[in-house]
$ cat input-v9.csv   # CSV, C-alpha atoms
chain,number,residue,atom,x,y,z
H,1,MET,CA,-9.1,177.2,50.8
H,2,LYS,CA,-9.4,174.8,47.9
H,3,ASN,CA,-6.9,172.0,47.7
H,4,ARG,CA,-4.8,172.1,44.6
H,5,GLY,CA,-5.9,169.7,41.8
H,6,ILE,CA,-4.0,166.7,40.7
H,7,LEU,CA,-1.9,166.7,37.6
H,8,ILE,CA,-1.9,163.4,35.8
H,9,VAL,CA,0.3,162.5,32.9
H,10,LEU,CA,-1.1,159.7,30.8
H,11,SER,CA,1.2,158.3,28.2
H,12,GLY,CA,2.2,155.2,26.4
H,13,PRO,CA,3.0,154.0,22.8
H,14,SER,CA,0.8,155.0,19.9
H,15,GLY,CA,-2.0,152.4,19.5
H,16,THR,CA,-2.5,151.5,23.2
H,17,GLY,CA,-5.8,153.3,23.2
H,18,LYS,CA,-5.2,156.4,25.3
H,19,ASP,CA,-8.1,158.3,23.7
H,20,SER,CA,-10.6,155.5,24.2
H,21,ILE,CA,-9.5,155.1,27.8
H,22,LEU,CA,-10.1,158.8,28.5
H,23,ARG,CA,-13.6,158.6,26.8
H,24,GLU,CA,-14.4,155.6,29.1
H,25,LEU,CA,-13.0,157.5,32.1
H,26,LYS,CA,-15.4,160.4,31.3
H,27,ASN,CA,-18.3,157.8,31.8
H,28,LEU,CA,-16.9,157.0,35.2
H,29,ARG,CA,-16.2,160.5,36.6
H,30,SER,CA,-16.4,164.1,35.6
H,31,ASP,CA,-14.0,165.7,38.1
H,32,PHE,CA,-11.2,166.1,35.7
H,33,GLU,CA,-10.3,168.1,32.6
H,34,ILE,CA,-8.2,167.1,29.7
H,35,SER,CA,-5.4,169.6,29.0
H,36,VAL,CA,-5.6,171.4,25.7
H,37,SER,CA,-2.3,171.5,23.8
H,38,CYS,CA,-0.8,174.2,21.7
H,39,THR,CA,0.1,173.5,18.1
H,40,THR,CA,1.3,175.3,15.0
H,41,ARG,CA,-0.4,173.0,12.6
H,42,LYS,CA,-3.5,174.3,10.7
H,43,PRO,CA,-6.9,173.4,12.2
H,44,ARG,CA,-8.7,170.6,10.5
H,45,VAL,CA,-12.3,170.9,9.5
H,46,GLY,CA,-14.5,170.9,12.7
H,47,GLU,CA,-11.6,171.5,15.1
H,48,ILE,CA,-12.2,174.3,17.5
H,49,ASP,CA,-9.5,176.7,18.9
H,50,GLY,CA,-9.3,176.3,22.6
H,51,LYS,CA,-11.1,173.0,22.6
H,52,ASP,CA,-9.1,170.6,20.3
H,53,TYR,CA,-6.0,172.7,20.4
H,54,TYR,CA,-4.8,176.3,20.9
H,55,PHE,CA,-3.8,177.1,17.3
H,56,LEU,CA,-0.7,179.3,17.3
H,57,THR,CA,1.7,180.7,14.7
H,58,LYS,CA,5.3,179.5,14.9
H,59,ASP,CA,6.3,182.9,16.3
H,60,GLU,CA,3.7,182.8,19.0
H,61,PHE,CA,4.8,179.3,19.9
H,62,LYS,CA,8.5,180.1,20.0
H,63,GLN,CA,7.7,183.2,22.3
H,64,LYS,CA,6.0,180.9,24.7
H,65,VAL,CA,9.0,178.5,24.7
H,66,ASP,CA,11.4,181.4,25.2
H,67,ALA,CA,9.3,182.7,28.1
H,68,GLY,CA,9.5,179.3,29.8
H,69,ASP,CA,5.7,178.8,29.4
H,70,MET,CA,5.8,175.3,27.9
H,71,LEU,CA,5.8,172.4,30.3
H,72,GLU,CA,6.9,170.2,27.4
H,73,TRP,CA,7.1,170.6,23.7
H,74,ALA,CA,8.2,168.8,20.6
H,75,THR,CA,8.1,169.0,16.8
H,76,PHE,CA,6.3,166.5,14.7
H,77,CYS,CA,6.1,166.6,10.9
H,78,GLY,CA,7.5,170.2,10.9
H,79,ASN,CA,4.9,171.5,13.4
H,80,TYR,CA,5.3,172.4,17.0
H,81,TYR,CA,3.2,170.8,19.8
H,82,GLY,CA,3.3,171.7,23.5
H,83,THR,CA,1.6,172.1,26.8
H,84,PRO,CA,1.2,175.7,28.0
H,85,LYS,CA,2.2,176.0,31.7
H,86,HIS,CA,0.4,179.1,32.7
H,87,GLU,CA,-3.2,178.0,32.1
H,88,LEU,CA,-2.4,174.6,33.6
H,89,GLU,CA,-1.2,176.3,36.8
H,90,ASP,CA,-4.4,178.4,37.1
H,91,ARG,CA,-6.6,175.4,36.7
H,92,LEU,CA,-4.7,173.3,39.2
H,93,ASP,CA,-4.8,176.2,41.7
H,94,ALA,CA,-8.6,176.3,41.2
H,95,GLY,CA,-8.7,172.7,42.4
H,96,LEU,CA,-9.3,171.1,39.0
H,97,ASN,CA,-7.7,167.7,38.3
H,98,ILE,CA,-6.0,167.8,34.9
H,99,ILE,CA,-5.0,164.9,32.7
H,100,LEU,CA,-2.3,165.5,30.1
H,101,GLU,CA,-2.5,162.9,27.4
H,102,ILE,CA,0.8,163.1,25.7
H,103,GLU,CA,3.3,160.9,23.8
H,104,VAL,CA,6.2,159.4,25.6
H,105,ASN,CA,8.9,162.0,24.8
H,106,GLY,CA,6.7,164.9,26.1
H,107,ALA,CA,5.8,162.8,29.1
H,108,GLU,CA,9.5,162.4,29.9
H,109,GLN,CA,9.9,166.2,29.9
H,110,VAL,CA,6.9,166.6,32.3
H,111,ILE,CA,8.1,163.9,34.7
H,112,ARG,CA,11.5,165.7,34.8
H,113,ASN,CA,10.1,169.2,35.1
H,114,SER,CA,7.2,168.8,37.5
H,115,SER,CA,7.5,167.3,40.9
H,116,GLU,CA,3.8,167.1,41.4
H,117,ALA,CA,2.8,165.2,38.2
H,118,VAL,CA,1.4,161.7,38.8
H,119,SER,CA,2.5,159.7,35.8
H,120,ILE,CA,0.7,156.7,34.4
H,121,PHE,CA,2.0,154.6,31.5
H,122,VAL,CA,-0.5,152.6,29.4
H,123,LEU,CA,0.9,149.2,28.4
H,124,PRO,CA,-0.6,147.0,25.7
H,125,PRO,CA,-1.2,143.4,27.0
H,126,SER,CA,1.9,142.4,24.9
H,127,VAL,CA,3.8,143.9,21.9
H,128,ARG,CA,2.2,141.2,19.7
H,129,VAL,CA,-1.3,142.4,20.6
H,130,LEU,CA,-0.3,146.0,19.9
H,131,LYS,CA,0.9,145.0,16.5
H,132,GLU,CA,-2.3,143.1,15.8
H,133,ARG,CA,-4.3,146.2,16.8
H,134,LEU,CA,-2.3,148.4,14.5
H,135,LYS,CA,-2.9,146.0,11.7
H,136,ASN,CA,-6.6,145.7,12.3
H,137,ARG,CA,-6.9,149.5,12.4
H,138,GLY,CA,-5.9,149.4,8.7
H,139,LEU,CA,-4.4,152.9,8.8
H,140,ASP,CA,-0.7,152.0,8.2
H,141,SER,CA,1.4,150.2,5.7
H,142,GLU,CA,3.2,147.0,6.8
H,143,GLU,CA,6.4,149.0,6.9
H,144,ALA,CA,4.9,151.7,9.1
H,145,ILE,CA,3.5,149.0,11.4
H,146,GLU,CA,7.0,147.5,11.8
H,147,MET,CA,8.4,151.0,12.6
H,148,ARG,CA,5.6,151.8,15.1
H,149,THR,CA,6.2,148.4,16.8
H,150,LYS,CA,9.9,149.0,17.1
H,151,GLU,CA,9.2,152.5,18.5
H,152,ALA,CA,6.7,151.0,21.0
H,153,GLU,CA,9.3,148.6,22.3
H,154,ARG,CA,11.7,151.4,22.9
H,155,GLU,CA,9.0,153.4,24.7
H,156,ILE,CA,7.7,150.5,26.8
H,157,ALA,CA,11.2,150.2,28.3
H,158,LEU,CA,10.8,153.7,29.6
H,159,ALA,CA,7.7,152.7,31.6
H,160,GLU,CA,9.9,152.2,34.7
H,161,ASN,CA,10.3,156.0,35.0
H,162,TYR,CA,6.5,156.3,35.7
H,163,ASP,CA,4.6,156.2,39.0
H,164,TYR,CA,2.0,153.7,37.8
H,165,VAL,CA,1.5,151.3,34.9
H,166,VAL,CA,-1.9,150.1,33.7
H,167,VAL,CA,-2.6,147.5,31.1
H,168,ASN,CA,-5.2,148.2,28.4
H,169,ASP,CA,-6.5,144.7,27.9
H,170,ASP,CA,-10.1,145.4,28.9
H,171,LEU,CA,-10.9,149.0,28.3
H,172,LYS,CA,-13.4,149.3,31.2
H,173,GLU,CA,-11.0,147.7,33.6
H,174,CYS,CA,-8.2,150.0,32.5
H,175,ALA,CA,-10.3,153.1,32.9
H,176,SER,CA,-11.4,151.9,36.3
H,177,ASP,CA,-7.8,151.4,37.3
H,178,ILE,CA,-7.0,155.0,36.4
H,179,SER,CA,-10.1,156.2,38.3
H,180,LYS,CA,-8.9,154.4,41.4
H,181,ILE,CA,-5.5,156.0,41.0
H,182,ILE,CA,-7.2,159.4,41.0
H,183,ASP,CA,-9.3,158.6,44.0
H,184,SER,CA,-6.3,157.3,45.9
H,185,GLU,CA,-4.1,160.3,44.9
H,186,LYS,CA,-6.8,162.6,46.2
H,187,LEU,CA,-6.4,161.0,49.6
H,188,ARG,CA,-2.7,161.8,49.8
H,189,ILE,CA,-1.7,164.1,52.5
H,190,ILE,CA,0.1,166.4,50.0
H,191,HIS,CA,-3.3,167.1,48.5
H,192,ARG,CA,-5.1,167.6,51.8
H,193,LYS,CA,-2.8,170.0,53.6
H,194,ASN,CA,-5.7,171.7,55.5
H,195,ILE,CA,-7.5,168.7,56.8
H,196,ILE,CA,-5.4,168.3,59.9
H,197,LYS,CA,-6.0,171.9,60.9
H,198,GLU,CA,-9.7,171.6,60.3
H,199,VAL,CA,-10.1,168.4,62.4
H,200,LEU,CA,-8.2,170.1,65.2
H,201,LYS,CA,-10.3,173.2,64.9
H,202,ASN,CA,-13.5,171.1,65.1
H,203,GLU,CA,-14.6,171.9,61.6
H,204,ARG,CA,-16.2,168.6,60.7
H,205,VAL,CA,-14.4,167.1,57.7
H,206,VAL,CA,-15.5,164.5,55.2
H,207,SER,CA,-13.6,161.8,53.5
H,208,ARG,CA,-13.5,163.2,50.0
S,1,MET,CA,8.2,135.5,39.9
S,2,LYS,CA,5.6,136.8,42.3
S,3,ASN,CA,5.6,140.5,42.9
S,4,ARG,CA,6.3,141.5,46.5
S,5,GLY,CA,3.2,142.3,48.6
S,6,ILE,CA,2.3,145.7,49.9
S,7,LEU,CA,3.0,146.7,53.5
S,8,ILE,CA,0.4,149.0,54.8
S,9,VAL,CA,0.6,150.8,58.1
S,10,LEU,CA,-2.8,151.8,59.5
S,11,SER,CA,-2.7,154.2,62.4
S,12,GLY,CA,-4.6,157.0,64.2
S,13,PRO,CA,-5.8,158.0,67.6
S,14,SER,CA,-7.5,155.5,69.9
S,15,GLY,CA,-11.3,155.7,69.2
S,16,THR,CA,-11.1,156.4,65.5
S,17,GLY,CA,-12.4,152.9,64.7
S,18,LYS,CA,-9.4,151.2,63.2
S,19,ASP,CA,-10.7,147.7,64.2
S,20,SER,CA,-14.2,148.3,62.7
S,21,ILE,CA,-12.6,149.7,59.5
S,22,LEU,CA,-10.5,146.5,59.1
S,23,ARG,CA,-13.6,144.3,59.7
S,24,GLU,CA,-15.4,146.3,57.0
S,25,LEU,CA,-12.4,146.0,54.7
S,26,LYS,CA,-12.5,142.2,55.0
S,27,ASN,CA,-16.0,142.4,53.5
S,28,LEU,CA,-14.7,144.3,50.5
S,29,ARG,CA,-11.6,142.2,49.8
S,30,SER,CA,-9.6,139.2,51.0
S,31,ASP,CA,-6.2,139.8,49.4
S,32,PHE,CA,-4.6,141.0,52.6
S,33,GLU,CA,-3.6,139.8,56.0
S,34,ILE,CA,-3.5,141.6,59.3
S,35,SER,CA,-0.1,141.4,60.9
S,36,VAL,CA,0.1,139.6,64.2
S,37,SER,CA,2.0,141.4,66.9
S,38,CYS,CA,4.2,140.0,69.7
S,39,THR,CA,3.4,140.7,73.3
S,40,THR,CA,4.6,139.8,76.7
S,41,ARG,CA,1.2,140.2,78.4
S,42,LYS,CA,-0.7,137.1,79.4
S,43,PRO,CA,-3.2,135.7,77.0
S,44,ARG,CA,-6.8,136.5,77.8
S,45,VAL,CA,-9.5,133.9,77.8
S,46,GLY,CA,-10.1,132.8,74.2
S,47,GLU,CA,-7.0,134.4,72.7
S,48,ILE,CA,-5.0,132.1,70.5
S,49,ASP,CA,-1.2,132.2,70.2
S,50,GLY,CA,-0.2,133.1,66.6
S,51,LYS,CA,-3.7,134.5,65.8
S,52,ASP,CA,-4.4,137.2,68.3
S,53,TYR,CA,-0.8,137.7,69.3
S,54,TYR,CA,2.5,135.8,69.5
S,55,PHE,CA,2.8,135.5,73.3
S,56,LEU,CA,6.4,135.7,74.3
S,57,THR,CA,8.3,135.9,77.6
S,58,LYS,CA,10.1,139.1,78.3
S,59,ASP,CA,13.4,137.4,77.7
S,60,GLU,CA,12.3,136.1,74.3
S,61,PHE,CA,11.0,139.6,73.4
S,62,LYS,CA,14.2,141.3,74.4
S,63,GLN,CA,16.2,138.7,72.4
S,64,LYS,CA,14.2,139.6,69.3
S,65,VAL,CA,14.8,143.4,69.9
S,66,ASP,CA,18.5,142.8,70.3
S,67,ALA,CA,18.6,140.7,67.2
S,68,GLY,CA,17.1,143.6,65.3
S,69,ASP,CA,14.0,141.5,64.5
S,70,MET,CA,11.4,144.1,65.7
S,71,LEU,CA,10.2,146.5,63.0
S,72,GLU,CA,8.7,148.6,65.9
S,73,TRP,CA,8.1,148.0,69.6
S,74,ALA,CA,6.9,149.8,72.7
S,75,THR,CA,5.9,149.2,76.3
S,76,PHE,CA,2.4,149.7,77.6
S,77,CYS,CA,1.3,149.0,81.2
S,78,GLY,CA,4.6,147.2,81.9
S,79,ASN,CA,4.3,144.9,78.9
S,80,TYR,CA,6.1,144.8,75.6
S,81,TYR,CA,4.3,144.9,72.3
S,82,GLY,CA,6.0,144.8,68.9
S,83,THR,CA,6.0,143.7,65.2
S,84,PRO,CA,8.3,140.8,64.3
S,85,LYS,CA,10.3,141.7,61.2
S,86,HIS,CA,11.2,138.2,60.0
S,87,GLU,CA,7.8,136.7,59.4
S,88,LEU,CA,6.6,139.9,57.8
S,89,GLU,CA,9.4,139.8,55.3
S,90,ASP,CA,8.6,136.2,54.4
S,91,ARG,CA,4.9,137.0,53.8
S,92,LEU,CA,5.6,140.1,51.7
S,93,ASP,CA,8.1,138.1,49.6
S,94,ALA,CA,5.3,135.5,49.1
S,95,GLY,CA,3.3,138.3,47.5
S,96,LEU,CA,0.9,138.8,50.4
S,97,ASN,CA,-0.4,142.3,51.3
S,98,ILE,CA,0.0,143.0,55.0
S,99,ILE,CA,-1.7,145.6,57.1
S,100,LEU,CA,-0.1,146.6,60.3
S,101,GLU,CA,-2.7,148.2,62.6
S,102,ILE,CA,-0.7,150.0,65.2
S,103,GLU,CA,-0.8,153.0,67.5
S,104,VAL,CA,0.8,156.2,66.4
S,105,ASN,CA,4.2,155.8,68.2
S,106,GLY,CA,4.8,152.4,66.6
S,107,ALA,CA,3.7,153.7,63.2
S,108,GLU,CA,6.2,156.5,63.5
S,109,GLN,CA,9.0,153.8,63.9
S,110,VAL,CA,7.8,151.8,60.9
S,111,ILE,CA,7.6,154.9,58.7
S,112,ARG,CA,11.2,155.7,59.8
S,113,ASN,CA,12.5,152.2,59.4
S,114,SER,CA,10.8,150.9,56.3
S,115,SER,CA,11.1,152.6,52.9
S,116,GLU,CA,8.4,150.5,51.4
S,117,ALA,CA,5.6,151.0,54.0
S,118,VAL,CA,2.5,152.7,52.7
S,119,SER,CA,1.2,154.7,55.7
S,120,ILE,CA,-2.5,155.6,56.2
S,121,PHE,CA,-3.7,157.8,59.1
S,122,VAL,CA,-7.3,157.5,60.2
S,123,LEU,CA,-8.8,160.9,61.2
S,124,PRO,CA,-12.0,161.4,63.1
S,125,PRO,CA,-14.4,163.9,61.4
S,126,SER,CA,-13.4,166.3,64.2
S,127,VAL,CA,-11.9,166.1,67.7
S,128,ARG,CA,-15.3,166.9,69.1
S,129,VAL,CA,-16.8,163.9,67.3
S,130,LEU,CA,-14.0,161.7,68.6
S,131,LYS,CA,-14.7,162.9,72.2
S,132,GLU,CA,-18.4,162.1,71.8
S,133,ARG,CA,-17.6,158.6,70.5
S,134,LEU,CA,-15.4,158.0,73.5
S,135,LYS,CA,-18.2,159.2,75.8
S,136,ASN,CA,-20.8,157.0,74.1
S,137,ARG,CA,-18.6,154.0,74.3
S,138,GLY,CA,-18.9,154.3,78.1
S,139,LEU,CA,-15.6,152.6,78.9
S,140,ASP,CA,-13.7,155.6,80.3
S,141,SER,CA,-14.1,158.1,83.1
S,142,GLU,CA,-14.5,161.7,82.3
S,143,GLU,CA,-10.9,162.3,83.3
S,144,ALA,CA,-9.7,159.5,81.0
S,145,ILE,CA,-11.7,160.9,78.1
S,146,GLU,CA,-10.1,164.3,78.6
S,147,MET,CA,-6.6,162.6,78.6
S,148,ARG,CA,-7.4,160.6,75.5
S,149,THR,CA,-8.7,163.6,73.7
S,150,LYS,CA,-5.6,165.6,74.5
S,151,GLU,CA,-3.4,162.7,73.3
S,152,ALA,CA,-5.5,162.4,70.1
S,153,GLU,CA,-4.9,166.1,69.4
S,154,ARG,CA,-1.1,165.5,69.7
S,155,GLU,CA,-1.3,162.4,67.5
S,156,ILE,CA,-3.5,164.1,64.8
S,157,ALA,CA,-0.8,166.7,64.3
S,158,LEU,CA,1.6,163.9,63.3
S,159,ALA,CA,-0.7,162.8,60.4
S,160,GLU,CA,1.3,165.0,58.0
S,161,ASN,CA,4.1,162.4,58.2
S,162,TYR,CA,1.9,159.8,56.5
S,163,ASP,CA,1.3,159.1,52.9
S,164,TYR,CA,-2.5,159.1,53.0
S,165,VAL,CA,-5.2,160.4,55.4
S,166,VAL,CA,-8.7,159.0,55.5
S,167,VAL,CA,-11.6,160.2,57.5
S,168,ASN,CA,-13.8,157.7,59.4
S,169,ASP,CA,-17.1,159.6,59.2
S,170,ASP,CA,-18.9,156.9,57.3
S,171,LEU,CA,-17.4,153.5,58.0
S,172,LYS,CA,-18.2,151.9,54.6
S,173,GLU,CA,-16.8,154.9,52.8
S,174,CYS,CA,-13.7,154.9,54.9
S,175,ALA,CA,-13.0,151.2,54.2
S,176,SER,CA,-13.7,151.8,50.5
S,177,ASP,CA,-11.1,154.6,50.5
S,178,ILE,CA,-8.5,152.3,52.0
S,179,SER,CA,-9.5,149.6,49.4
S,180,LYS,CA,-8.9,152.1,46.6
S,181,ILE,CA,-5.5,153.0,48.1
S,182,ILE,CA,-4.5,149.3,48.0
S,183,ASP,CA,-5.7,148.9,44.4
S,184,SER,CA,-3.8,151.9,43.4
S,185,GLU,CA,-0.6,151.0,45.2
S,186,LYS,CA,-0.7,147.6,43.4
S,187,LEU,CA,-0.6,149.5,40.1
S,188,ARG,CA,2.6,151.3,41.1
S,189,ILE,CA,5.6,150.4,39.0
S,190,ILE,CA,7.6,149.5,42.1
S,191,HIS,CA,5.2,146.6,42.7
S,192,ARG,CA,5.2,145.5,39.1
S,193,LYS,CA,8.9,145.2,38.3
S,194,ASN,CA,8.4,142.3,35.9
S,195,ILE,CA,5.5,143.6,33.8
S,196,ILE,CA,7.7,145.6,31.4
S,197,LYS,CA,9.8,142.6,30.6
S,198,GLU,CA,6.8,140.4,30.2
S,199,VAL,CA,5.1,142.7,27.7
S,200,LEU,CA,8.3,143.0,25.7
S,201,LYS,CA,8.7,139.2,25.7
S,202,ASN,CA,5.1,138.8,24.5
S,203,GLU,CA,3.9,137.1,27.6
S,204,ARG,CA,0.4,138.5,27.6
S,205,VAL,CA,-0.1,140.4,30.9
S,206,VAL,CA,-3.3,141.5,32.6
S,207,SER,CA,-4.1,144.7,34.5
S,208,ARG,CA,-4.2,143.3,38.0
$ encode --input "input-v9.csv" --output "structure tokens"
Amino acid sequence: MKNRGILIVLSGPSGTGKDSILRELKNLRSDFEISVSCTTRKPRVGEIDGKDYYFLTKDEFKQKVDAGDMLEWATFCGNYYGTPKHELEDRLDAGLNIILEIEVNGAEQVIRNSSEAVSIFVLPPSVRVLKERLKNRGLDSEEAIEMRTKEAEREIALAENYDYVVVNDDLKECASDISKIIDSEKLRIIHRKNIIKEVLKNERVVSR
Amino acid sequence: MKNRGILIVLSGPSGTGKDSILRELKNLRSDFEISVSCTTRKPRVGEIDGKDYYFLTKDEFKQKVDAGDMLEWATFCGNYYGTPKHELEDRLDAGLNIILEIEVNGAEQVIRNSSEAVSIFVLPPSVRVLKERLKNRGLDSEEAIEMRTKEAEREIALAENYDYVVVNDDLKECASDISKIIDSEKLRIIHRKNIIKEVLKNERVVSR
């Protein structure tokens, strides 16, 4: 029997580089999938249904919420975003490791609703560095940057609810830290229920 | 303020290679110390007090037990063996990571008595392989090997009480697994209490 995969929640303030970290992690290992969210916003040019998002109508989305099939969900700019539970369950059962990259409010819901989720908070090296990064990105007005920084401070205080914290100072190092967390979590007894029986039954087992 | 070190309990049946694993781990990293036990047995030639063991009289040992200063203890062949609590506490407070390499009964006591201990059980690839290893070592009679194998089976069933299980099939891989567990545990929020405050106070923090 396959061991159930590991569910990882990766969160942190906007601008801490979660997307870049996941791209870097893909260079280090391929034994994980990134969960695809549902949204009611219109697809942008080039976006593929089932790859970038599952694009749903508002009615379809609400039905899923009512059926208890959203692990977490939120509204943003008038649209719904959420993580479908059903598909996630099937993939974990198949032994796949899944990473949910979500914003802090969604992550709080998953931490509350899932006992198995391994939560990782990405910290910037300091709030000042985060602010500089937002400035250098050149996407936001000064006012928006002030707002984002304030929001980041509020979110960073919530990091203590997570299992792990990593710092995105050096991107490669940060991805390597997350990779080690995954390796280590795979060695947990809760993910290796059958190994004791196998050793006793003289089925030769291997480390990973 | 220094973060408190990590307390690791490494256990498993006799013959699974715990000593060799720790020697290999020393080649991989130097940021840990191996806890020194107390014993009432006489020092053997070349053994150094405070390095191999703390050699105590039976009265001294019993006083420590009565004072609640043994994290775990047991008798073996008429002698007492145990882990002194006081010194361990001081070293952990100083930020040192400590590995307790102890037999399964002692480990059970530590897992029960310490909420912070991270417990790792070393499995052989199979009971049959363990038996072969004991034979090849040439130290025990056939009868003793049978007894040790039976005991190992009893102990392996207790692995489910541990946080992690590793398999000593390939020594280097096994040591590397333990090293990853240490890295990963160091990233836990419980070992990085100050990091959130530091990031908010704009003290630039690093990943590890």
$ interface_residues --input "input-v9.csv" --of "chain H" --to "chain S" --cutoff "8 Å" --atoms "all atoms listed in the file" --output "ChimeraX atom specification"
/H:123-128,153,156-157,159-160,162-169,173-174,177,180-181,183-184,187-190,193,196,198-207
$ atom_distance --input "input-v9.csv" --atom1 "CA of Lys62 (chain H)" --atom2 "CA of Phe76 (chain H)"
14.8 Å
$ residues_around --input "input-v9.csv" --residues "Arg112 (chain S)" --least-positions-apart "4" --cutoff "10 Å" --atoms "all atoms listed in the file" --output "PyMOL selection string"
chain S and resi 71-72+106-108+117+161
$ residues_near_point --input "input-v9.csv" --point "(3.5, 140.9, 49.1)" --cutoff "7 Å" --atoms "all atoms listed in the file" --output "VMD selection string"
chain S and resid 3 to 6 91 to 97
$ residues_near_point --input "input-v9.csv" --point "(-3.5, 139.2, 68.1)" --cutoff "9 Å" --atoms "all atoms listed in the file" --output "PyMOL selection string"
chain S and resi 35-39+47-55
$ atom_distance --input "input-v9.csv" --atom1 "CA of Glu151 (chain H)" --atom2 "CA of Ser14 (chain H)"
8.9 Å
$ atom_distance --input "input-v9.csv" --atom1 "CA of Leu7 (chain S)" --atom2 "CA of Glu116 (chain S)"
6.9 Å
$ residues_around --input "input-v9.csv" --residues "Ile8 (chain H)" --least-positions-apart "6" --cutoff "7 Å" --atoms "only C-alpha atoms" --output "list in words"
Ile98, Ile99, Leu100, Ala117, Val118 and Ser119 of chain H
